[in-house]
file protein.cif (mmCIF, C-alpha atoms)
data_final
loop_
_atom_site.label_atom_id
_atom_site.label_comp_id
_atom_site.auth_asym_id
_atom_site.auth_seq_id
_atom_site.Cartn_x
_atom_site.Cartn_y
_atom_site.Cartn_z
CA MET A 1 77.01 155.70 52.48
CA ALA A 2 77.60 157.97 55.47
CA ARG A 3 76.54 161.58 55.05
CA ARG A 4 79.31 164.06 54.46
CA GLY A 5 79.12 167.63 55.62
CA SER A 6 79.34 170.57 53.27
CA ARG A 7 82.73 171.47 54.72
CA ILE A 8 84.27 168.20 53.53
CA GLY A 9 82.71 168.66 50.10
CA VAL A 10 84.10 172.18 49.78
CA VAL A 11 87.58 171.08 50.88
CA LEU A 12 87.64 168.31 48.27
CA LEU A 13 86.31 170.65 45.61
CA LEU A 14 88.98 173.28 46.36
CA ALA A 15 91.67 170.60 46.32
CA ALA A 16 90.51 169.45 42.91
CA ILE A 17 90.37 172.99 41.54
CA SER A 18 93.90 173.66 42.73
CA HIS A 19 95.36 171.32 40.10
CA ALA A 20 92.64 171.52 37.43
CA ALA A 21 93.94 172.81 34.11
CA PRO A 22 91.99 175.61 32.40
CA LEU A 23 89.28 174.22 30.17
CA GLU A 24 89.35 174.54 26.40
CA ARG A 25 86.77 173.46 23.86
CA ILE A 26 87.35 169.89 22.66
CA ILE A 27 87.33 169.12 18.94
CA VAL A 28 88.02 166.08 16.79
CA ALA A 29 91.71 165.79 15.91
CA PRO A 30 92.66 166.57 12.30
CA ASP A 31 93.56 162.91 11.69
CA GLN A 32 90.08 161.81 12.88
CA HIS A 33 91.63 159.39 15.38
CA GLY A 34 91.07 161.26 18.61
CA PHE A 35 90.48 164.65 20.20
CA VAL A 36 92.48 167.82 20.80
CA LEU A 37 91.97 171.02 22.76
CA ALA A 38 90.83 173.66 20.28
CA ASP A 39 93.18 176.48 21.29
CA SER A 40 96.38 174.73 22.33
CA GLY A 41 96.14 171.72 20.02
CA VAL A 42 97.10 169.42 22.91
CA ALA A 43 95.76 165.87 22.67
CA PHE A 44 92.76 165.14 24.90
CA ARG A 45 91.99 161.58 25.98
CA PRO A 46 88.66 161.15 27.78
CA TRP A 47 89.22 159.18 30.98
CA GLY A 48 86.14 159.40 33.10
CA VAL A 49 83.11 157.95 34.81
CA ASN A 50 79.36 157.61 34.53
CA TYR A 51 77.94 159.47 37.52
CA GLY A 52 75.56 158.03 40.09
CA HIS A 53 75.22 158.34 43.83
CA ALA A 54 74.45 155.30 46.01
CA GLY A 55 72.31 153.84 43.23
CA LYS A 56 70.38 157.08 42.79
CA LEU A 57 69.87 159.16 39.67
CA LEU A 58 71.42 162.60 39.31
CA GLU A 59 68.11 164.38 39.78
CA ASP A 60 67.59 162.56 43.09
CA VAL A 61 70.58 164.35 44.62
CA TRP A 62 71.15 167.54 42.63
CA ASP A 63 69.32 169.75 45.13
CA ASP A 64 71.95 168.71 47.69
CA GLY A 65 74.80 171.07 46.82
CA ALA A 66 77.17 169.51 49.36
CA THR A 67 76.75 166.04 47.83
CA LEU A 68 77.37 167.27 44.30
CA GLU A 69 80.38 169.34 45.35
CA HIS A 70 81.81 166.39 47.23
CA ASP A 71 81.23 163.93 44.40
CA PHE A 72 82.61 166.17 41.66
CA GLY A 73 85.68 166.93 43.74
CA GLN A 74 86.14 163.25 44.45
CA MET A 75 85.79 162.24 40.79
CA ARG A 76 88.46 164.78 39.94
CA GLU A 77 90.69 163.39 42.69
CA LEU A 78 90.22 159.89 41.27
CA GLY A 79 91.79 161.18 38.06
CA ALA A 80 88.69 161.62 35.88
CA ASN A 81 88.58 164.36 33.28
CA VAL A 82 85.07 163.56 31.95
CA VAL A 83 81.83 162.87 33.85
CA ARG A 84 78.85 161.37 32.04
CA ILE A 85 75.54 162.53 33.47
CA HIS A 86 72.13 161.17 32.52
CA LEU A 87 69.19 163.57 32.21
CA GLN A 88 65.66 162.20 32.72
CA VAL A 89 62.81 163.28 30.44
CA ASN A 90 60.32 163.52 33.29
CA ARG A 91 62.42 166.20 35.04
CA PHE A 92 63.22 168.31 31.99
CA MET A 93 60.03 168.32 29.91
CA ASP A 94 56.57 169.29 31.20
CA GLY A 95 55.00 168.61 27.81
CA PRO A 96 55.99 167.92 24.19
CA ASP A 97 57.12 171.51 23.64
CA ARG A 98 57.42 172.76 27.25
CA PRO A 99 60.90 172.54 28.80
CA ASN A 100 60.95 172.76 32.60
CA ALA A 101 62.68 176.07 33.30
CA ALA A 102 63.69 175.14 36.85
CA ALA A 103 65.35 171.91 35.70
CA PHE A 104 67.36 173.66 33.02
CA GLU A 105 68.38 176.31 35.54
CA ARG A 106 69.68 173.50 37.78
CA LEU A 107 71.51 172.03 34.80
CA GLY A 108 73.17 175.40 34.30
CA ARG A 109 74.37 175.32 37.91
CA LEU A 110 75.72 171.81 37.42
CA VAL A 111 77.64 172.97 34.37
CA LYS A 112 79.16 175.78 36.45
CA LEU A 113 80.22 173.21 39.05
CA ALA A 114 81.93 171.17 36.33
CA GLU A 115 83.71 174.29 35.08
CA GLY A 116 84.94 175.09 38.58
CA THR A 117 86.12 171.53 39.17
CA GLY A 118 87.91 171.27 35.83
CA LEU A 119 85.74 168.41 34.58
CA TYR A 120 84.15 167.99 31.18
CA LEU A 121 80.58 166.71 30.85
CA ASP A 122 79.20 164.03 28.60
CA LEU A 123 75.54 165.11 28.64
CA THR A 124 73.37 162.07 27.91
CA GLY A 125 69.73 162.95 27.42
CA LEU A 126 66.20 161.59 26.97
CA ALA A 127 66.61 159.08 29.77
CA CYS A 128 63.55 157.19 31.05
CA TYR A 129 65.42 154.91 33.40
CA ARG A 130 62.79 154.65 36.15
CA PRO A 131 59.63 153.33 34.44
CA ALA A 132 57.25 154.68 37.10
CA ASP A 133 58.52 158.22 36.48
CA THR A 134 57.99 158.28 32.72
CA PRO A 135 55.30 160.86 31.83
CA LYS A 136 52.13 159.35 30.37
CA TRP A 137 51.90 162.16 27.85
CA TYR A 138 55.34 161.19 26.54
CA ASP A 139 54.58 157.53 26.03
CA THR A 140 51.27 158.18 24.27
CA LEU A 141 52.88 160.30 21.56
CA ASP A 142 53.21 158.75 18.14
CA GLU A 143 56.66 158.42 16.61
CA SER A 144 56.67 161.78 14.85
CA ALA A 145 55.46 163.67 17.92
CA ARG A 146 57.85 161.79 20.20
CA TRP A 147 60.82 162.73 18.01
CA ALA A 148 59.62 166.36 18.01
CA ALA A 149 59.49 166.32 21.83
CA GLN A 150 62.98 164.83 21.92
CA ALA A 151 64.20 167.55 19.58
CA ALA A 152 62.65 170.17 21.89
CA PHE A 153 64.57 168.66 24.81
CA TRP A 154 67.84 168.84 22.92
CA ARG A 155 67.28 172.35 21.67
CA ALA A 156 66.68 173.54 25.24
CA THR A 157 69.72 171.62 26.49
CA ALA A 158 71.98 173.08 23.84
CA ALA A 159 70.69 176.59 24.52
CA THR A 160 71.55 176.11 28.20
CA CYS A 161 75.03 174.71 27.61
CA GLN A 162 76.31 176.17 24.35
CA ALA A 163 78.52 178.83 25.96
CA SER A 164 80.29 176.48 28.39
CA LEU A 165 83.77 175.12 27.82
CA ALA A 166 82.93 172.24 30.18
CA ILE A 167 80.82 170.38 27.61
CA PHE A 168 82.67 167.47 26.06
CA CYS A 169 79.70 166.18 24.11
CA TYR A 170 75.98 165.71 23.80
CA ASP A 171 74.98 162.03 23.78
CA LEU A 172 71.56 161.84 22.12
CA MET A 173 70.32 158.81 24.08
CA ASN A 174 71.61 155.87 26.06
CA GLU A 175 71.41 152.63 24.08
CA PRO A 176 68.64 153.39 21.57
CA ILE A 177 67.28 150.60 19.37
CA THR A 178 65.49 150.63 16.04
CA PRO A 179 63.22 147.57 16.05
CA ALA A 180 63.14 144.86 13.45
CA ASP A 181 59.42 144.32 14.08
CA GLN A 182 56.52 145.99 15.86
CA ARG A 183 57.05 146.57 19.58
CA PRO A 184 54.41 146.79 22.34
CA SER A 185 56.33 149.49 24.24
CA TRP A 186 58.98 152.15 23.84
CA TYR A 187 61.13 150.31 26.40
CA SER A 188 62.96 147.01 26.68
CA GLY A 189 61.26 145.95 29.91
CA THR A 190 64.61 144.66 31.14
CA LEU A 191 65.53 146.12 34.53
CA PHE A 192 69.06 146.41 35.89
CA GLY A 193 69.22 147.66 39.46
CA GLY A 194 65.60 148.75 39.12
CA TYR A 195 66.26 150.81 35.99
CA ASP A 196 65.40 150.28 32.31
CA PHE A 197 68.31 151.69 30.32
CA ILE A 198 67.14 150.86 26.77
CA GLN A 199 64.60 152.65 24.54
CA PHE A 200 63.21 152.02 21.09
CA ILE A 201 63.19 155.09 18.85
CA ALA A 202 60.29 153.61 16.86
CA ARG A 203 57.67 151.01 17.70
CA ASN A 204 56.72 150.01 14.17
CA PRO A 205 59.33 149.93 11.38
CA ALA A 206 56.49 149.89 8.83
CA GLY A 207 58.69 148.46 6.11
CA ARG A 208 61.56 150.86 6.68
CA GLU A 209 65.16 149.70 6.98
CA ARG A 210 66.39 149.87 10.54
CA MET A 211 69.40 152.05 9.75
CA ALA A 212 67.22 154.40 7.71
CA ILE A 213 65.06 154.99 10.80
CA ALA A 214 68.18 155.54 12.91
CA ALA A 215 69.65 157.98 10.39
CA ALA A 216 66.48 160.07 10.24
CA TRP A 217 66.30 160.18 14.05
CA LEU A 218 69.97 161.12 14.39
CA ASP A 219 69.61 163.90 11.83
CA GLN A 220 66.51 165.39 13.44
CA LEU A 221 68.01 165.55 16.93
CA THR A 222 71.39 166.75 15.67
CA ALA A 223 69.67 169.56 13.76
CA ALA A 224 67.88 170.62 16.96
CA ILE A 225 71.21 170.89 18.78
CA ARG A 226 72.91 172.69 15.94
CA ALA A 227 70.16 175.30 15.91
CA GLU A 228 71.55 176.47 19.28
CA ASP A 229 75.10 175.13 19.43
CA ARG A 230 77.29 174.85 16.36
CA GLU A 231 80.44 173.66 18.12
CA HIS A 232 80.14 171.01 20.82
CA LEU A 233 80.52 167.40 19.75
CA ILE A 234 77.57 165.01 19.30
CA THR A 235 77.47 161.24 19.75
CA VAL A 236 75.07 158.46 20.78
CA GLY A 237 75.56 155.68 23.36
CA MET A 238 75.57 152.52 21.25
CA LEU A 239 75.03 148.94 22.21
CA PRO A 240 77.69 146.62 20.73
CA TRP A 241 77.42 143.45 18.65
CA VAL A 242 76.82 142.99 14.97
CA THR A 243 74.90 139.73 14.52
CA GLY A 244 74.11 137.59 11.50
CA TRP A 245 70.96 139.62 10.81
CA GLY A 246 72.41 143.07 11.48
CA HIS A 247 73.48 145.19 14.39
CA LEU A 248 71.72 144.45 17.67
CA SER A 249 70.53 148.05 17.97
CA GLY A 250 70.00 148.73 14.28
CA PHE A 251 72.65 151.48 14.46
CA LEU A 252 75.34 150.19 12.10
CA PRO A 253 78.66 151.66 13.26
CA ALA A 254 79.99 152.72 9.84
CA GLU A 255 76.69 154.37 8.87
CA THR A 256 76.05 155.89 12.30
CA ALA A 257 79.47 157.57 12.24
CA LYS A 258 78.43 159.56 9.16
CA HIS A 259 75.79 161.40 11.21
CA LEU A 260 77.86 162.16 14.33
CA ASP A 261 81.16 163.65 15.42
CA PHE A 262 82.39 160.41 16.99
CA LEU A 263 81.17 156.96 18.02
CA SER A 264 80.47 155.80 21.57
CA VAL A 265 80.04 152.14 22.45
CA HIS A 266 79.34 150.29 25.71
CA ILE A 267 81.51 147.22 26.28
CA TYR A 268 81.71 145.07 29.41
CA PRO A 269 84.25 142.27 28.93
CA LYS A 270 83.26 138.80 30.12
CA THR A 271 85.50 136.18 31.67
CA LYS A 272 83.36 133.46 30.11
CA ASP A 273 83.50 134.97 26.60
CA PRO A 274 86.60 137.15 26.21
CA ALA A 275 86.32 137.22 22.41
CA GLU A 276 82.99 139.04 22.55
CA ALA A 277 84.45 142.34 23.78
CA GLU A 278 87.23 142.20 21.21
CA ARG A 279 84.74 141.61 18.41
CA ALA A 280 82.47 144.43 19.58
CA LEU A 281 85.44 146.78 19.64
CA ARG A 282 86.63 145.87 16.15
CA GLU A 283 83.14 146.29 14.72
CA CYS A 284 83.32 149.96 15.75
CA ASP A 285 86.69 150.54 14.10
CA VAL A 286 85.26 152.51 11.18
CA GLY A 287 87.65 155.46 10.85
CA ALA A 288 85.92 157.78 13.35
CA PRO A 289 87.07 158.57 16.89
CA LEU A 290 85.76 155.89 19.24
CA VAL A 291 85.02 156.25 22.96
CA ILE A 292 84.22 153.23 25.13
CA GLU A 293 81.56 155.19 27.00
CA GLU A 294 80.75 152.46 29.51
CA THR A 295 83.02 149.75 30.86
CA PHE A 296 83.61 148.12 34.25
CA PRO A 297 84.75 144.79 35.74
CA LEU A 298 81.12 143.70 35.99
CA GLU A 299 81.56 140.24 34.45
CA CYS A 300 85.33 139.99 34.46
CA THR A 301 88.22 140.53 36.85
CA PRO A 302 90.01 143.89 37.16
CA THR A 303 93.09 142.26 35.64
CA GLU A 304 91.10 141.07 32.63
CA LEU A 305 89.56 144.50 32.18
CA ALA A 306 92.96 146.18 32.29
CA ALA A 307 94.27 143.81 29.62
CA PHE A 308 91.27 144.49 27.38
CA LEU A 309 91.59 148.24 27.79
CA ARG A 310 95.26 148.18 26.89
CA ARG A 311 94.47 146.26 23.72
CA SER A 312 91.61 148.65 22.97
CA ARG A 313 94.03 151.57 22.61
CA GLU A 314 94.67 150.41 19.05
CA VAL A 315 91.11 151.51 18.25
CA ALA A 316 89.61 153.56 21.09
CA CYS A 317 90.65 157.04 22.21
CA GLY A 318 88.50 157.45 25.35
CA TRP A 319 87.18 155.34 28.24
CA LEU A 320 84.43 155.94 30.82
CA TRP A 321 83.94 153.76 33.91
CA HIS A 322 81.38 154.17 36.74
CA TYR A 323 81.31 156.10 40.02
CA ASP A 324 78.61 155.76 42.70
CA GLY A 325 79.43 158.35 45.34
CA ALA A 326 82.14 156.61 47.39
CA SER A 327 85.93 156.64 47.24
CA VAL A 328 88.60 154.04 47.94
CA ALA A 329 89.05 155.66 51.35
CA ASP A 330 85.33 155.34 52.08
CA TYR A 331 85.43 151.63 51.29
CA ASP A 332 88.58 151.19 53.38
CA ALA A 333 86.77 152.78 56.32
CA ARG A 334 83.84 150.42 55.89
CA GLU A 335 86.19 147.45 55.85
CA LYS A 336 87.87 148.66 59.04
CA ALA A 337 84.43 148.92 60.65
CA GLY A 338 83.55 145.40 59.47
CA ARG A 339 80.79 146.67 57.14
CA LEU A 340 82.30 146.18 53.68
CA THR A 341 80.01 144.14 51.41
CA ILE A 342 81.13 142.00 48.48
CA ALA A 343 79.65 144.54 46.07
CA GLU A 344 81.53 147.36 47.79
CA ALA A 345 84.78 145.38 47.62
CA ILE A 346 84.28 145.08 43.85
CA TRP A 347 83.68 148.83 43.60
CA ARG A 348 86.85 149.51 45.59
CA GLU A 349 89.03 147.34 43.38
CA ALA A 350 87.56 148.95 40.26
CA LEU A 351 88.33 152.44 41.58
CA ARG A 352 91.84 151.43 42.55
CA LEU A 353 92.40 150.16 39.02
CA PHE A 354 90.91 153.35 37.56
CA GLN A 355 93.39 155.42 39.56
CA ARG A 356 96.35 153.24 38.59
CA LEU A 357 95.54 153.27 34.89
CA GLY A 358 94.78 156.98 34.70
CA PRO A 359 98.32 158.21 33.93
CA GLU A 360 98.72 155.52 31.28
CA PHE A 361 95.45 156.21 29.44
CA ARG A 362 94.72 159.86 30.20
CA ASP A 363 98.19 161.37 30.07
CA GLN A 364 100.17 159.33 27.55
CA PRO A 365 99.75 159.27 23.76
#

call {"tool": "encode", "arguments": {"input": "protein.cif", "output": "structure tokens"}}
result
Amino acid sequence: MARRGSRIGVVLLLAAISHAAPLERIIVAPDQHGFVLADSGVAFRPWGVNYGHAGKLLEDVWDDGATLEHDFGQMRELGANVVRIHLQVNRFMDGPDRPNAAAFERLGRLVKLAEGTGLYLDLTGLACYRPADTPKWYDTLDESARWAAQAAFWRATAATCQASLAIFCYDLMNEPITPADQRPSWYSGTLFGGYDFIQFIARNPAGRERMAIAAAWLDQLTAAIRAEDREHLITVGMLPWVTGWGHLSGFLPAETAKHLDFLSVHIYPKTKDPAEAERALRECDVGAPLVIEETFPLECTPTELAAFLRRSREVACGWLWHYDGASVADYDAREKAGRLTIAEAIWREALRLFQRLGPEFRDQP
């Protein structure tokens, strides 16, 4: 993507701020079927994106203030009200009980940017997406010590963010799994775009039920957050699919909901198996607010995704897509210059659809 000067970023940011509504703390609605703004009682429907920039992680670009200002302003212009950011363990923890002060100071600045842009943050933590960056000290910890280090991360994060109205939620981890048998590693070993997005929260179940392990882990990390922040919502980024032998991740939706403020699930509809997305959605219909925290026309057409999302409104109350640092206008310019790739054309159509659907999903009951 072509570099953008700080002037363009500032202009976009100011344009976004000019129509950004004042932020209020978000709480679960009294009927447990969605969210409302705490002071006004107005319904709040998360309509947002997972943040990346040209395939890079947040921490790869967050020292570039112009890039962040530009991207946050652009996400607001696209119609997003929530941005999901992914925080890497290697940047935030120097040891099991040693938070990196500089990283948390940068996080504080990012939160201020979100406040100024009128965007809420879904803070997803404990990421180890780039295997080469994962600290050796972290991976050699046993289960108990690893959970303690994860709790230290969350306590420091909550202490940094507890006073901000821009926090939508804390997401404990992206796609955690409790194993059914002993695992050789904490990670799946499956790379997507060079990243490993899945972690095991235990390597040896040692006779324990999978959901019992998940419940203990959820409770320990939630307690760490609540020691610093009693108000902001807590969730976890769940894989879908209940199988014949249990849930794929070991996090049973009905049981998991008892330990969190709301459920988050990642669903990518497939042209070749349209029933799968519907089934995954219904399995998470357990009486708690449900956010589809990741979705995108990755294995389906934009039209098919739109149809699924409209049907999902019977169950879900929030939807997060993806953003990678370029706008529809950027892709149009690349096409005009004869440089638009197939992948970029897919991104453009997805963003166009996101913009079109925004008023329907974000603004209407």

call {"tool": "atom_distance", "arguments": {"input": "protein.cif", "atom1": "atom CA of Leu23 of chain A", "atom2": "atom CA of Val291 of chain A"}}
result
19.8 Å

call {"tool": "residues_near_point", "arguments": {"input": "protein.cif", "point": "(77.2, 159.3, 19.9)", "cutoff": "8 Å", "atoms": "only C-alpha atoms", "output": "number ranges by chain"}}
result
A: 170-172, 234-238, 260-264

call {"tool": "resolve_selection", "arguments": {"input": "protein.cif", "expression": "the PyMOL selection byres ((chain A and resi 26-42) around 6)", "output": "number ranges by chain"}}
result
A: 24-25, 43-44, 288-289, 317

call {"tool": "atom_distance", "arguments": {"input": "protein.cif", "atom1": "atom CA of Val49 of chain A", "atom2": "atom CA of His266 of chain A"}}
result
12.5 Å

call {"tool": "residues_near_point", "arguments": {"input": "protein.cif", "point": "(78.1, 150.2, 14.7)", "cutoff": "10 Å", "atoms": "all atoms listed in the file", "output": "list in words"}}
result
Met238, Leu239, Pro240, Trp241, Val242, Gly246, His247, Leu248, Ser249, Gly250, Phe251, Leu252, Pro253, Ala254, Glu255, Thr256, Ala257, Leu263, Ser264, Val265, Ala280, Leu281, Arg282, Glu283, Cys284, Asp285 and Val286 of chain A

call {"tool": "resolve_selection", "arguments": {"input": "protein.cif", "expression": "the PyMOL selection byres ((chain A and resi 186) around 6)", "output": "list in words"}}
result
Ser185, Tyr187, Gln199 and Phe200 of chain A

call {"tool": "resolve_selection", "arguments": {"input": "protein.cif", "expression": "the PyMOL selection byres ((chain A and resi 91-101) around 12)", "output": "MDAnalysis selection string"}}
result
chainID A and resid 57:60 62 86:90 102:108 125:130 133:142 144:157 159:160

call {"tool": "closest_residue", "arguments": {"input": "protein.cif", "among": "A:Ile213, A:Ala223, A:Val83, A:Ala345", "to": "Ala158 of chain A", "atoms": "all atoms listed in the file"}}
result
A:Ala223

call {"tool": "closest_residue", "arguments": {"input": "protein.cif", "among": "A:His322, A:Arg339, A:His232, A:Arg45", "to": "Leu353 of chain A", "atoms": "only C-alpha atoms"}}
result
A:His322

call {"tool": "closest_residue", "arguments": {"input": "protein.cif", "among": "A:Asp324, A:Glu143, A:Asp229, A:Glu175", "to": "Asn204 of chain A", "atoms": "all atoms listed in the file"}}
result
A:Glu143

call {"tool": "build_atoms", "arguments": {"input": "protein.cif", "residues": "segment 39-51 of chain A", "atoms": "N, CA and C atoms", "output": "tab-separated table (two decimals), in the frame of the given file"}}
result
chain	number	residue	atom	x	y	z
A	39	ASP	N	92.25	175.35	21.33
A	39	ASP	CA	93.18	176.48	21.29
A	39	ASP	C	94.64	176.04	21.30
A	40	SER	N	94.98	175.13	22.18
A	40	SER	CA	96.38	174.73	22.33
A	40	SER	C	96.80	173.61	21.39
A	41	GLY	N	95.82	172.85	20.87
A	41	GLY	CA	96.14	171.72	20.02
A	41	GLY	C	96.66	170.50	20.76
A	42	VAL	N	96.63	170.54	22.10
A	42	VAL	CA	97.10	169.42	22.91
A	42	VAL	C	96.10	168.26	22.82
A	43	ALA	N	96.63	167.05	22.74
A	43	ALA	CA	95.76	165.87	22.67
A	43	ALA	C	94.92	165.75	23.94
A	44	PHE	N	93.66	165.35	23.77
A	44	PHE	CA	92.76	165.14	24.90
A	44	PHE	C	92.24	163.72	24.84
A	45	ARG	N	92.47	162.95	25.92
A	45	ARG	CA	91.99	161.58	25.98
A	45	ARG	C	90.96	161.45	27.11
A	46	PRO	N	89.69	161.30	26.75
A	46	PRO	CA	88.66	161.15	27.78
A	46	PRO	C	88.95	159.96	28.69
A	47	TRP	N	89.01	160.23	29.97
A	47	TRP	CA	89.22	159.18	30.98
A	47	TRP	C	88.29	159.54	32.13
A	48	GLY	N	87.13	158.90	32.18
A	48	GLY	CA	86.14	159.40	33.10
A	48	GLY	C	85.20	158.34	33.64
A	49	VAL	N	84.07	158.82	34.13
A	49	VAL	CA	83.11	157.95	34.81
A	49	VAL	C	81.69	158.35	34.46
A	50	ASN	N	80.80	157.36	34.53
A	50	ASN	CA	79.36	157.61	34.53
A	50	ASN	C	78.97	157.92	35.97
A	51	TYR	N	78.22	159.01	36.17
A	51	TYR	CA	77.94	159.47	37.52
A	51	TYR	C	76.63	158.90	38.08
